[in-house]
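Trainee: This one is structure-v9.txt, compact mmCIF, C-alpha atoms.
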# COMPACT_ATOMS: atom_id res chain seq x y z
CA MET Q 234 7.71 204.24 -49.29
CA PRO Q 235 8.81 200.97 -50.92
CA ASP Q 236 12.43 200.53 -51.93
CA GLN Q 237 11.36 198.94 -55.21
CA GLN Q 238 8.21 198.51 -57.30
CA VAL Q 239 7.81 195.47 -59.56
CA ASP Q 240 5.21 193.55 -61.49
CA LEU Q 241 5.77 190.34 -59.56
CA ALA Q 242 7.24 189.34 -56.22
CA ILE Q 243 7.94 185.67 -55.44
CA VAL Q 244 8.52 184.10 -52.03
CA GLY Q 245 10.46 180.86 -52.39
CA LEU Q 246 12.98 180.14 -55.15
CA GLY Q 247 13.05 176.36 -55.24
CA ALA Q 248 11.90 174.53 -58.36
CA MET Q 249 8.54 176.30 -58.67
CA GLY Q 250 9.66 179.76 -57.62
CA ALA Q 251 12.74 179.58 -59.86
CA ALA Q 252 10.61 178.50 -62.82
CA ILE Q 253 8.11 181.31 -62.23
CA ALA Q 254 10.90 183.87 -61.94
CA TRP Q 255 12.45 182.63 -65.21
CA GLN Q 256 9.20 182.50 -67.15
CA ALA Q 257 7.93 185.84 -65.82
CA ALA Q 258 11.21 187.62 -66.53
CA VAL Q 259 11.43 186.37 -70.10
CA ARG Q 260 7.86 187.63 -70.62
CA GLY Q 261 9.16 191.09 -69.75
CA LEU Q 262 7.75 191.33 -66.22
CA SER Q 263 9.85 193.01 -63.56
CA VAL Q 264 10.51 190.41 -60.86
CA ALA Q 265 11.74 190.40 -57.26
CA GLY Q 266 12.29 186.94 -55.81
CA PHE Q 267 13.12 186.04 -52.20
CA ASP Q 268 14.44 182.92 -50.54
CA ALA Q 269 15.44 182.50 -46.90
CA LEU Q 270 18.27 180.17 -47.98
CA GLU Q 271 20.46 180.02 -51.07
CA PRO Q 272 18.92 177.73 -53.68
CA PRO Q 273 19.57 175.15 -54.85
CA HIS Q 274 19.93 173.77 -51.32
CA THR Q 275 19.19 170.55 -49.43
CA HIS Q 276 16.60 171.81 -46.94
CA GLY Q 277 13.41 171.59 -49.00
CA SER Q 278 12.21 169.35 -51.83
CA THR Q 279 14.54 170.13 -54.74
CA HIS Q 280 17.71 168.14 -54.22
CA GLY Q 281 19.02 164.61 -54.47
CA HIS Q 282 20.94 164.80 -57.77
CA SER Q 283 18.21 163.17 -59.86
CA ARG Q 284 14.45 163.24 -60.39
CA ILE Q 285 12.17 161.13 -62.58
CA ILE Q 286 10.26 162.57 -65.52
CA ARG Q 287 7.59 160.39 -67.11
CA GLU Q 288 4.72 160.98 -69.49
CA ALA Q 289 2.20 158.14 -69.01
CA TYR Q 290 1.12 159.64 -65.72
CA PHE Q 291 -0.60 157.12 -63.45
CA GLU Q 292 -1.79 159.79 -61.01
CA HIS Q 293 -4.28 161.17 -63.59
CA PRO Q 294 -4.39 161.74 -67.37
CA GLN Q 295 -4.95 165.46 -66.69
CA TYR Q 296 -1.20 165.76 -66.02
CA VAL Q 297 -0.08 164.52 -69.44
CA PRO Q 298 -0.42 167.78 -71.42
CA LEU Q 299 1.35 169.63 -68.63
CA VAL Q 300 4.29 167.22 -68.55
CA GLN Q 301 4.48 167.24 -72.35
CA ARG Q 302 4.89 171.01 -72.23
CA ALA Q 303 7.47 170.58 -69.48
CA TYR Q 304 9.54 168.30 -71.74
CA ALA Q 305 9.68 171.05 -74.37
CA LEU Q 306 10.62 173.72 -71.84
CA TRP Q 307 13.32 171.57 -70.24
CA ALA Q 308 14.84 171.25 -73.71
CA GLU Q 309 14.64 175.01 -74.19
CA LEU Q 310 16.34 175.56 -70.85
CA GLU Q 311 19.10 173.12 -71.73
CA ALA Q 312 19.75 175.02 -74.95
CA SER Q 313 19.67 178.51 -73.44
CA ALA Q 314 21.70 177.57 -70.36
CA GLU Q 315 24.08 175.36 -72.36
CA THR Q 316 23.88 172.57 -69.80
CA ARG Q 317 22.54 169.03 -69.76
CA LEU Q 318 19.52 168.52 -67.52
CA PHE Q 319 17.79 165.43 -68.95
CA GLU Q 320 18.94 161.90 -69.72
CA ALA Q 321 16.54 159.47 -71.39
CA CYS Q 322 16.64 155.92 -70.11
CA GLY Q 323 12.99 154.82 -70.35
CA GLY Q 324 10.60 154.26 -67.51
CA LEU Q 325 8.92 151.17 -66.09
CA MET Q 326 5.78 151.24 -63.95
CA ILE Q 327 5.35 147.88 -62.20
CA GLY Q 328 2.47 146.37 -60.26
CA ARG Q 329 -0.65 144.28 -60.49
CA ARG Q 330 -3.52 144.93 -62.86
CA GLY Q 331 -6.45 146.46 -61.06
CA ARG Q 332 -4.15 148.59 -58.90
CA THR Q 333 -3.21 152.25 -59.00
CA VAL Q 334 0.11 152.28 -60.83
CA VAL Q 335 -0.47 149.90 -63.73
CA ASP Q 336 -4.09 150.80 -64.40
CA GLY Q 337 -3.42 154.52 -64.06
CA THR Q 338 -0.44 154.35 -66.41
CA LEU Q 339 -2.40 152.45 -69.04
CA ARG Q 340 -5.33 154.86 -68.74
CA ALA Q 341 -3.13 157.89 -69.31
CA ALA Q 342 -1.39 156.19 -72.22
CA PHE Q 343 -4.71 155.24 -73.82
CA GLU Q 344 -6.33 158.66 -73.42
CA HIS Q 345 -3.30 160.48 -74.84
CA ARG Q 346 -2.18 157.82 -77.35
CA LEU Q 347 1.24 157.42 -75.79
CA PRO Q 348 3.56 154.69 -77.07
CA VAL Q 349 3.94 152.22 -74.20
CA GLN Q 350 4.66 148.51 -73.98
CA THR Q 351 3.18 146.07 -71.47
CA TRP Q 352 5.65 143.50 -70.20
CA ALA Q 353 4.87 140.34 -68.26
CA ALA Q 354 6.90 139.74 -65.11
CA ASP Q 355 9.21 137.37 -67.02
CA ASP Q 356 9.83 140.11 -69.59
CA VAL Q 357 10.71 142.59 -66.85
CA ARG Q 358 13.19 140.17 -65.31
CA ALA Q 359 14.71 139.36 -68.69
CA ARG Q 360 15.09 142.97 -69.83
CA VAL Q 361 16.03 144.48 -66.46
CA PRO Q 362 17.64 141.54 -64.64
CA VAL Q 363 18.12 143.31 -61.32
CA LEU Q 364 14.38 143.85 -60.85
CA ALA Q 365 12.37 141.08 -59.20
CA PRO Q 366 8.61 141.57 -59.67
CA ASP Q 367 6.16 138.93 -58.47
CA PRO Q 368 4.95 136.51 -61.16
CA ASP Q 369 1.51 138.12 -61.34
CA MET Q 370 2.87 141.64 -61.80
CA VAL Q 371 3.28 143.45 -65.09
CA GLY Q 372 5.41 146.39 -66.18
CA VAL Q 373 4.36 149.26 -68.41
CA PHE Q 374 7.38 150.63 -70.25
CA GLU Q 375 7.50 154.11 -71.76
CA PRO Q 376 10.60 154.95 -73.82
CA ARG Q 377 10.48 158.71 -73.31
CA ALA Q 378 10.90 158.69 -69.53
CA GLY Q 379 14.19 159.53 -67.91
CA VAL Q 380 16.13 161.53 -65.35
CA LEU Q 381 16.36 165.26 -64.60
CA ALA Q 382 19.13 166.96 -62.61
CA PRO Q 383 17.27 169.04 -59.99
CA GLU Q 384 20.04 171.17 -58.49
CA ARG Q 385 21.48 172.01 -61.90
CA ALA Q 386 17.98 172.76 -63.20
CA VAL Q 387 17.14 175.17 -60.39
CA GLY Q 388 20.48 176.89 -60.84
CA ALA Q 389 19.88 177.21 -64.58
CA MET Q 390 16.38 178.66 -64.12
CA LEU Q 391 17.64 181.22 -61.61
CA ASP Q 392 20.50 182.18 -63.92
CA GLN Q 393 18.11 182.63 -66.83
CA ALA Q 394 15.82 184.74 -64.65
CA ARG Q 395 18.71 186.99 -63.64
CA GLN Q 396 19.86 187.34 -67.23
CA ALA Q 397 16.33 188.45 -68.15
CA GLY Q 398 16.43 191.14 -65.46
CA ALA Q 399 14.94 189.52 -62.36
CA GLY Q 400 16.19 190.68 -58.98
CA LEU Q 401 16.71 187.62 -56.80
CA PHE Q 402 17.42 188.09 -53.10
CA VAL Q 403 18.74 184.89 -51.54
CA SER Q 404 19.53 184.29 -47.88
CA GLU Q 405 16.86 186.91 -47.25
CA ARG Q 406 13.81 185.74 -45.31
CA VAL Q 407 10.51 187.49 -45.93
CA ARG Q 408 9.10 188.77 -42.66
CA GLY Q 409 5.61 189.47 -43.93
CA TRP Q 410 3.35 190.64 -46.72
CA THR Q 411 0.14 192.64 -46.95
CA SER Q 412 -2.38 192.79 -49.77
CA GLU Q 413 -3.97 196.14 -50.60
CA PRO Q 414 -6.20 197.18 -53.51
CA GLY Q 415 -3.94 197.25 -56.56
CA HIS Q 416 -0.71 196.07 -54.94
CA VAL Q 417 0.98 193.73 -52.49
CA ASP Q 418 3.72 194.86 -50.10
CA VAL Q 419 6.50 192.39 -49.24
CA ARG Q 420 9.00 193.06 -46.48
CA SER Q 421 12.24 191.39 -45.50
CA ALA Q 422 14.75 192.55 -42.93
CA SER Q 423 16.48 194.77 -45.46
CA ARG Q 424 13.94 195.82 -48.07
CA HIS Q 425 10.34 196.71 -48.83
CA VAL Q 426 9.07 195.70 -52.27
CA ARG Q 427 5.72 196.73 -53.69
CA ALA Q 428 4.41 194.36 -56.37
CA ARG Q 429 1.38 194.23 -58.59
CA ARG Q 430 1.18 190.49 -57.87
CA LEU Q 431 2.74 188.13 -55.33
CA VAL Q 432 3.33 184.39 -55.72
CA LEU Q 433 3.83 182.30 -52.59
CA ALA Q 434 5.93 179.29 -53.63
CA ALA Q 435 7.60 178.43 -50.35
CA GLY Q 436 7.00 174.67 -50.43
CA PRO Q 437 7.16 173.18 -46.92
CA TRP Q 438 7.34 176.69 -45.44
CA LEU Q 439 4.11 177.79 -47.15
CA ALA Q 440 1.81 177.28 -44.18
CA SER Q 441 3.94 179.62 -42.07
CA ILE Q 442 3.50 182.59 -44.46
CA LEU Q 443 -0.21 182.29 -45.30
CA GLY Q 444 -1.39 184.70 -42.63
CA ASP Q 445 -4.92 183.86 -41.47
CA LEU Q 446 -5.55 181.38 -44.28
CA VAL Q 447 -5.53 177.77 -43.08
CA LEU Q 448 -5.00 175.10 -45.72
CA PRO Q 449 -4.99 171.31 -45.32
CA LEU Q 450 -1.26 171.11 -46.01
CA THR Q 451 0.92 168.42 -44.46
CA VAL Q 452 4.68 168.09 -44.65
CA GLU Q 453 6.13 164.60 -44.89
CA ARG Q 454 9.70 163.50 -44.18
CA VAL Q 455 10.94 161.07 -46.81
CA VAL Q 456 14.41 159.64 -47.29
CA GLN Q 457 16.39 159.04 -50.48
CA TYR Q 458 19.10 156.36 -50.52
CA TRP Q 459 22.10 155.68 -52.75
CA TYR Q 460 23.69 152.27 -53.24
CA PRO Q 461 27.21 151.82 -54.66
CA THR Q 462 27.20 149.64 -57.78
CA ALA Q 463 30.96 149.12 -58.18
CA GLY Q 464 30.74 149.79 -61.91
CA ASP Q 465 28.08 147.10 -62.51
CA ASP Q 466 26.69 148.16 -65.90
CA ARG Q 467 23.31 146.60 -65.11
CA PHE Q 468 22.57 149.76 -63.12
CA THR Q 469 23.63 152.28 -65.76
CA PRO Q 470 21.11 154.38 -67.75
CA ALA Q 471 21.74 152.23 -70.81
CA ARG Q 472 20.36 149.16 -69.05
CA PHE Q 473 18.38 150.38 -66.06
CA PRO Q 474 15.25 152.48 -66.61
CA VAL Q 475 13.70 154.65 -63.97
CA PHE Q 476 11.02 152.58 -62.27
CA LEU Q 477 8.22 152.71 -59.76
CA LEU Q 478 6.90 149.48 -58.26
CA GLU Q 479 3.63 149.20 -56.35
CA ALA Q 480 4.02 146.42 -53.80
CA PRO Q 481 1.05 144.25 -52.77
CA ASP Q 482 0.68 146.22 -49.53
CA GLY Q 483 0.41 149.50 -51.45
CA ARG Q 484 3.90 150.77 -50.67
CA MET Q 485 5.74 152.24 -53.64
CA LEU Q 486 9.44 151.82 -54.35
CA TYR Q 487 11.10 153.93 -57.01
CA GLY Q 488 14.59 153.90 -58.46
CA LEU Q 489 16.88 155.79 -60.80
CA PRO Q 490 20.01 154.54 -62.55
CA ASP Q 491 23.55 155.15 -61.41
CA GLN Q 492 24.77 158.33 -63.11
CA GLY Q 493 27.97 158.44 -61.09
CA ARG Q 494 26.68 158.76 -57.52
CA GLY Q 495 25.19 155.30 -57.11
CA LEU Q 496 21.83 153.62 -57.64
CA LYS Q 497 19.14 155.85 -56.14
CA LEU Q 498 16.20 154.16 -54.40
CA ALA Q 499 13.44 155.55 -52.20
CA GLU Q 500 9.92 154.91 -51.01
CA HIS Q 501 7.31 157.21 -52.55
CA HIS Q 502 5.38 158.53 -49.53
CA GLY Q 503 5.20 156.48 -46.35
CA GLY Q 504 7.21 159.07 -44.40
CA SER Q 505 6.48 160.66 -41.03
CA PRO Q 506 4.74 164.03 -40.56
CA THR Q 507 7.00 166.95 -39.73
CA THR Q 508 7.60 170.63 -40.41
CA ALA Q 509 10.28 172.32 -42.46
CA ASP Q 510 11.95 173.76 -39.37
CA ALA Q 511 11.58 170.79 -37.00
CA VAL Q 512 12.42 167.92 -39.38
CA ASP Q 513 15.03 165.38 -38.28
CA ARG Q 514 17.63 165.45 -41.03
CA GLN Q 515 19.64 162.55 -39.64
CA VAL Q 516 18.97 159.06 -41.04
CA SER Q 517 19.46 156.37 -38.43
CA ASN Q 518 20.96 152.95 -38.95
CA ALA Q 519 17.59 151.45 -38.07
CA GLU Q 520 15.91 153.47 -40.85
CA ARG Q 521 18.53 152.32 -43.31
CA ALA Q 522 18.04 148.69 -42.32
CA THR Q 523 14.25 148.91 -42.59
CA PHE Q 524 14.43 150.47 -46.01
CA HIS Q 525 17.01 147.97 -47.20
CA ALA Q 526 14.76 145.06 -46.22
CA PHE Q 527 11.98 146.61 -48.35
CA ALA Q 528 14.14 147.51 -51.36
CA SER Q 529 16.11 144.26 -51.52
CA ARG Q 530 12.82 142.35 -51.89
CA TRP Q 531 12.35 143.97 -55.30
CA VAL Q 532 15.89 144.82 -56.48
CA ARG Q 533 18.46 142.04 -56.77
CA ASP Q 534 22.16 142.13 -55.92
CA LEU Q 535 22.12 145.21 -53.75
CA PRO Q 536 25.07 145.75 -51.40
CA ALA Q 537 24.46 145.13 -47.71
CA GLY Q 538 23.05 148.63 -47.26
CA PRO Q 539 22.97 152.12 -48.74
CA ALA Q 540 26.14 154.16 -48.70
CA ASP Q 541 24.39 157.51 -48.46
CA ALA Q 542 21.00 158.95 -47.54
CA SER Q 543 19.32 162.35 -47.60
CA VAL Q 544 16.07 163.69 -46.16
CA CYS Q 545 13.59 165.30 -48.55
CA LEU Q 546 10.27 167.01 -47.77
CA TYR Q 547 6.96 166.39 -49.49
CA THR Q 548 4.32 169.11 -49.08
CA ASN Q 549 1.02 167.31 -49.54
CA MET Q 550 -2.56 168.22 -50.31
CA PRO Q 551 -5.18 165.67 -49.15
CA ASP Q 552 -5.94 164.46 -52.69
CA GLY Q 553 -2.30 164.35 -53.83
CA ASP Q 554 -2.87 167.01 -56.51
CA PHE Q 555 -1.22 170.39 -56.90
CA LEU Q 556 -2.26 173.72 -55.42
CA LEU Q 557 -2.34 176.47 -58.06
CA ASP Q 558 -4.88 179.18 -57.28
CA TRP Q 559 -5.44 182.74 -56.17
CA HIS Q 560 -5.54 183.38 -52.46
CA PRO Q 561 -9.25 183.46 -51.54
CA SER Q 562 -9.07 186.60 -49.41
CA ALA Q 563 -5.89 188.44 -50.45
CA PRO Q 564 -6.24 190.06 -53.89
CA GLY Q 565 -3.20 189.77 -56.09
CA VAL Q 566 -1.68 186.81 -54.22
CA PHE Q 567 -1.25 183.48 -56.01
CA LEU Q 568 -0.56 180.17 -54.23
CA CYS Q 569 1.81 177.72 -55.87
CA SER Q 570 2.73 174.72 -53.79
CA ALA Q 571 1.74 171.33 -52.46
CA CYS Q 572 3.25 169.21 -55.19
CA SER Q 573 2.62 166.11 -53.07
CA GLY Q 574 5.97 164.56 -53.91
CA HIS Q 575 5.57 164.42 -57.69
CA GLY Q 576 5.84 168.00 -58.90
CA PHE Q 577 9.44 168.70 -59.86
CA LYS Q 578 9.22 167.40 -63.43
CA PHE Q 579 6.45 169.94 -64.15
CA ALA Q 580 8.34 172.99 -62.88
CA PRO Q 581 8.93 174.89 -66.15
CA ALA Q 582 5.35 174.31 -67.35
CA ILE Q 583 3.97 175.42 -63.99
CA GLY Q 584 6.27 178.43 -64.14
CA GLU Q 585 4.92 179.30 -67.57
CA ALA Q 586 1.30 178.87 -66.45
CA VAL Q 587 1.68 180.93 -63.29
CA ALA Q 588 3.62 183.67 -65.10
CA ALA Q 589 0.75 183.91 -67.58
CA MET Q 590 -1.84 184.00 -64.80
CA VAL Q 591 -0.16 186.84 -62.93
CA ALA Q 592 0.47 188.77 -66.16
CA THR Q 593 -2.91 188.36 -67.87
CA GLY Q 594 -5.26 186.49 -65.55
CA THR Q 595 -5.41 183.50 -67.89
CA SER Q 596 -3.19 180.62 -68.97
CA SER Q 597 -3.14 178.25 -71.91
CA HIS Q 598 -2.78 175.44 -69.37
CA ASP Q 599 -5.95 174.25 -67.67
CA LEU Q 600 -5.36 174.91 -63.98
CA ARG Q 601 -8.93 174.23 -62.86
CA PRO Q 602 -8.09 170.79 -61.40
CA PHE Q 603 -5.66 172.48 -59.02
CA ARG Q 604 -7.93 175.16 -57.54
CA LEU Q 605 -8.82 175.29 -53.89
CA GLY Q 606 -12.52 174.92 -54.66
CA ARG Q 607 -12.09 171.24 -55.46
CA LEU Q 608 -11.70 170.55 -51.75
CA ALA Q 609 -15.07 172.04 -50.80
Before anything else, please render the file you have as structure tokens.

Mentor:
Amino acid sequence: MPDQQVDLAIVGLGAMGAAIAWQAAVRGLSVAGFDALEPPHTHGSTHGHSRIIREAYFEHPQYVPLVQRAYALWAELEASAETRLFEACGGLMIGRRGRTVVDGTLRAAFEHRLPVQTWAADDVRARVPVLAPDPDMVGVFEPRAGVLAPERAVGAMLDQARQAGAGLFVSERVRGWTSEPGHVDVRSASRHVRARRLVLAAGPWLASILGDLVLPLTVERVVQYWYPTAGDDRFTPARFPVFLLEAPDGRMLYGLPDQGRGLKLAEHHGGSPTTADAVDRQVSNAERATFHAFASRWVRDLPAGPADASVCLYTNMPDGDFLLDWHPSAPGVFLCSACSGHGFKFAPAIGEAVAAMVATGTSSHDLRPFRLGRLA
């Protein structure tokens, strides 16, 4: 017999699992959540002190309504948790016309009537003097973009879930699950939970808990770097927007202002394939030097090299979109993962959508673009 019966079990309590636990619990669902570690932690995808949130979404206009809902829910979480999670500083998408970043940003802004400004390269250099775009590049500026605090956000969502009655079992690895008509059984070393629904939100560990289902998931090792700014106010949120620059060779550099830990810079994608358990978490001097050569081409007046670095994991689907769908052969099991390196900002809206799906079978958010069937 199970030790506990609940409406919803969740495996993985990073950004997505924490958001689902919070949103499901406040809907009145009984929740049991599991994580093999103790989130927020540095072993998955939800760490690094800061994350970008932006609205004019170059990846596809379909994301704009979802991120707009996320903005509202982040504000609600700030109010209920009495903590600051978001700082507005504006956002700047830089590249050449006819390429992914600029054209995609302008398309999303046009389709959703978002207030953006297009700056010539000279305007970018004048307004953000530490950035050095090529003369034929342009920047698309959106005033609403800014920075989220990922560790504090995950902690706040988990706290809100607990306050709403969720049982969260951290440092407790799930050993297996089975789907039966009408329920799903979840077992760890110390407990057996029977749930009406199960959400698998284990990020880079997802492939290892899917059973016989094989998905085209890949895990990518990416590195985040921090540069000391010695109090240079050109790198503060008041003067330095979040940015993403698409270089002529297709590589993408992004940056976030110094909020007290240094200027954060990283390459979006371009990392090596790995697994969550085998990843090399050490960042070599050679890696640092290679990244610095890339970053210093586009950001002026950097110190000789980064002072700190941290490994992050992207869990990717082949098309770069999310995975939000029912398991094709296990009734009652919902898959929530594969954010392809750009999902954190959406977490509360995804949590709301998934909580609605497991509770009622429908959601006010259109999740059709994220179903498995699109890959057929």

Trainee: Write out as a list in words the residues lying within 6 Å of segment 411-428 of chain Q, counting all atoms listed in the file and excluding same-chain residues fewer than 2 positions away.

Mentor: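 What passes the distance filter is Pro235, Asp236, Gln237, Gln238, Val239, Asp240, Leu241, Ala242, Arg406, Val407, Arg408, Gly409, Arg430 and Ala563 of chain Q.
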
Trainee: Nearest residue to Arg346 of chain Q out of Q:Val512, Q:Leu401, Q:Pro298, Q:Arg454, using all atoms listed in the file?

Mentor: Q:Pro298

Trainee: Extract, using all atoms listed in the file, all DNA, RNA and protein residues at most 9 Å from Glu585 of chain Q, discarding same-chain residues fewer than 4 positions from it, and format them as a ChimeraX atom specification.

Mentor: /Q:252-253,255-257,580-581,589-590,596,598

Trainee: Using all atoms listed in the file, which residues sit within 9 Å of segment 384-398 of chain Q once same-chain residues fewer than 6 positions away are excluded, as an mmCIF file with C-alpha atoms, in the frame of the given file?

Mentor:
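Generated file (selection-v9.cif):
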data_model
loop_
_atom_site.group_PDB
_atom_site.id
_atom_site.type_symbol
_atom_site.label_atom_id
_atom_site.label_comp_id
_atom_site.auth_asym_id
_atom_site.auth_seq_id
_atom_site.Cartn_x
_atom_site.Cartn_y
_atom_site.Cartn_z
ATOM 1 C CA LEU Q 246 12.980 180.140 -55.150
ATOM 2 C CA GLY Q 247 13.050 176.360 -55.240
ATOM 3 C CA ALA Q 248 11.900 174.530 -58.360
ATOM 4 C CA MET Q 249 8.540 176.300 -58.670
ATOM 5 C CA ALA Q 251 12.740 179.580 -59.860
ATOM 6 C CA ALA Q 252 10.610 178.500 -62.820
ATOM 7 C CA ILE Q 253 8.110 181.310 -62.230
ATOM 8 C CA ALA Q 254 10.900 183.870 -61.940
ATOM 9 C CA TRP Q 255 12.450 182.630 -65.210
ATOM 10 C CA GLN Q 256 9.200 182.500 -67.150
ATOM 11 C CA ALA Q 257 7.930 185.840 -65.820
ATOM 12 C CA ALA Q 258 11.210 187.620 -66.530
ATOM 13 C CA VAL Q 259 11.430 186.370 -70.100
ATOM 14 C CA ARG Q 260 7.860 187.630 -70.620
ATOM 15 C CA GLY Q 261 9.160 191.090 -69.750
ATOM 16 C CA LEU Q 262 7.750 191.330 -66.220
ATOM 17 C CA SER Q 263 9.850 193.010 -63.560
ATOM 18 C CA VAL Q 264 10.510 190.410 -60.860
ATOM 19 C CA PRO Q 272 18.920 177.730 -53.680
ATOM 20 C CA PRO Q 273 19.570 175.150 -54.850
ATOM 21 C CA HIS Q 274 19.930 173.770 -51.320
ATOM 22 C CA THR Q 279 14.540 170.130 -54.740
ATOM 23 C CA HIS Q 280 17.710 168.140 -54.220
ATOM 24 C CA GLY Q 281 19.020 164.610 -54.470
ATOM 25 C CA HIS Q 282 20.940 164.800 -57.770
ATOM 26 C CA SER Q 283 18.210 163.170 -59.860
ATOM 27 C CA TRP Q 307 13.320 171.570 -70.240
ATOM 28 C CA LEU Q 310 16.340 175.560 -70.850
ATOM 29 C CA GLU Q 311 19.100 173.120 -71.730
ATOM 30 C CA SER Q 313 19.670 178.510 -73.440
ATOM 31 C CA ALA Q 314 21.700 177.570 -70.360
ATOM 32 C CA THR Q 316 23.880 172.570 -69.800
ATOM 33 C CA ARG Q 317 22.540 169.030 -69.760
ATOM 34 C CA LEU Q 318 19.520 168.520 -67.520
ATOM 35 C CA PRO Q 581 8.930 174.890 -66.150
#

Trainee: Mind listing as a ChimeraX atom specification all residues within 10 Å of (11.5, 155.2, -74.6), counting only C-alpha atoms?

Mentor: /Q:287,321-325,348-350,374-379,474

Trainee: Kindly indicate which residue among Q:Arg604, Q:Arg521, Q:Arg329, Q:Lys578 lies nearest to Asp554 of chain Q, using all atoms listed in the file for the distances.

Mentor: Q:Arg604

Trainee: Using all atoms listed in the file, can you tell me which of Q:Ala265, Q:Ala609, Q:Ile583, Q:Ala571 comes closest to Phe402 of chain Q?

Mentor: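 Nearest to Phe402 of chain Q: Q:Ala265.
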
Trainee: Looking at only C-alpha atoms, which of Q:Gly277, Q:Gly606, Q:Gly400, Q:Gly488 is the one that sits closest to Trp559 of chain Q?

Mentor: Q:Gly606

Trainee: Within 9 Å of Asp541 of chain Q, counting all atoms listed in the file, which residues show up once you throw out same-chain ones fewer than 6 positions away? Write them as a PyMOL selection string, please.

Mentor: chain Q and resi 457-461+495

Trainee: Which one of Q:Tyr296, Q:Phe473, Q:Phe603, Q:Phe468 sits closest to Arg494 of chain Q if you count only C-alpha atoms?

Mentor: Q:Phe468
